[in-house]
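The structure appears right after this line, and notes come after that.
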Amino acid sequence: MKLVEKYSDKPLSEIPPLFQRILQNTIRDFYRRQKSRSLWVTLFSSFIPDSDDRETGTDIPESLPVAPDFGCKNNPGTAAEQSQIIELISQAIENLPPRQREAFLLRYWEEMDVSETARVMDCSEGSVKTHCSRAAHTLAALLESKGIK
């Protein structure tokens with residue numbers, strides 16, 4: 001689709017290399033996005049119980065249960081620790097500057113790509129990348145300073 005949308009006016013001889021480049025970049029973007037997303041989703045996924053009846057479609061911090069067991073049966077210490085970690089992560093996201101928070105949540109929670117996020121935020125793709133990078137580094141540093149790795 002990208003090839004047809006953007007390069008339909010190119011000569012037929014240029015189509016194969018363009019297709020290869022588009023395919024390589026799309027695959028690279030997919031894996032880069034997965035790597036970045038897995039960093040944050042992993043933090044939250046260990047706190048979500050394996051239950052089919054939990055609510056879907058809500059923000060992760062709000063959808064995380066604050067229940068006594070979290071899947072850690074008979075271990076209130078672990079449950080309390082996880083509850084505190086969830087609260088720290090939620091506060092850290094709330095304390096980000098507005099544009100960084102917006103870019104971070106759109107990219108990683110809403111799973112938008114860079115161009116979609118740029119359209120929503122009404123800025124350039126480079127700005128989105130910068131905001132996301134700064135947000136990720138800020139969150140990582142803040143959480144590491146609290147002893148969360």
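Here, A, B, ... name the chains of the structure tokens in the order displayed, residue numbers run from 1 inside each chain, and ligands are numbered from 1 in the same displayed order.
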Checklist entry - Which neighbours of Val128 (chain A) fall inside 10 Å, counting only C-alpha atoms, when residues of the same chain fewer than 5 positions from it are skipped, and could you give them as a ChimeraX atom specification? => result /A:99-100,102-104,106-107,113-119,121-123,133-134
Item to check | Within 10 Å of Val4 (chain A) using only C-alpha atoms, minus same-chain residues under 5 positions, as a list in words | outcome: Asp9, Lys10, Ile15 and Phe19 of chain A
Checklist outcome for this item: A straight line from CA of Ser145 (chain A) to CA of Gly77 (chain A) spans 21.3 Å
Next on the checklist: I need the residue nearest Gln91 (chain A) from this list: A:Leu139, A:Leu23, A:Ala79, A:Met112. Use only C-alpha atoms for the distance.
Outcome noted: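 Going through A:Leu139, A:Leu23, A:Ala79, A:Met112 one by one, the smallest distance to Gln91 (chain A) is for A:Leu139.
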Checklist outcome for this item: Restricting to only C-alpha atoms, whichever of A:Pro98, A:Leu88, A:Gln20, A:Phe30 is closest to His131 (chain A) is A:Pro98
Checklist entry - Hey, which of A:Glu111, A:Arg21, A:Ile85, A:Glu14 ends up closest to Gln34 (chain A)? Count only C-alpha atoms. => result A:Glu111
Item to check | Best match for closeness to Tyr7 (chain A) among A:Ile27, A:Ile22, A:Ala135, A:Leu143, counting only C-alpha atoms | outcome: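 Closest to Tyr7 (chain A) of all the choices is A:Ile22.
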Item to check | Atom pair CA of Gly147 (chain A) / CA of Pro76 (chain A): separation (Å) | outcome: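 According to the coordinates, CA of Gly147 (chain A) and CA of Pro76 (chain A) are separated by 19.8 Å.
Distance annotation: of A:Ile86, A:Ala80, A:Val120, A:Ala136, the residue with the minimal separation from Arg101 (chain A) is A:Ala136; atom set is only C-alpha atoms.
From CA of Glu94 (chain A) back to CA of Cys132 (chain A), the distance works out to 14.3 Å.
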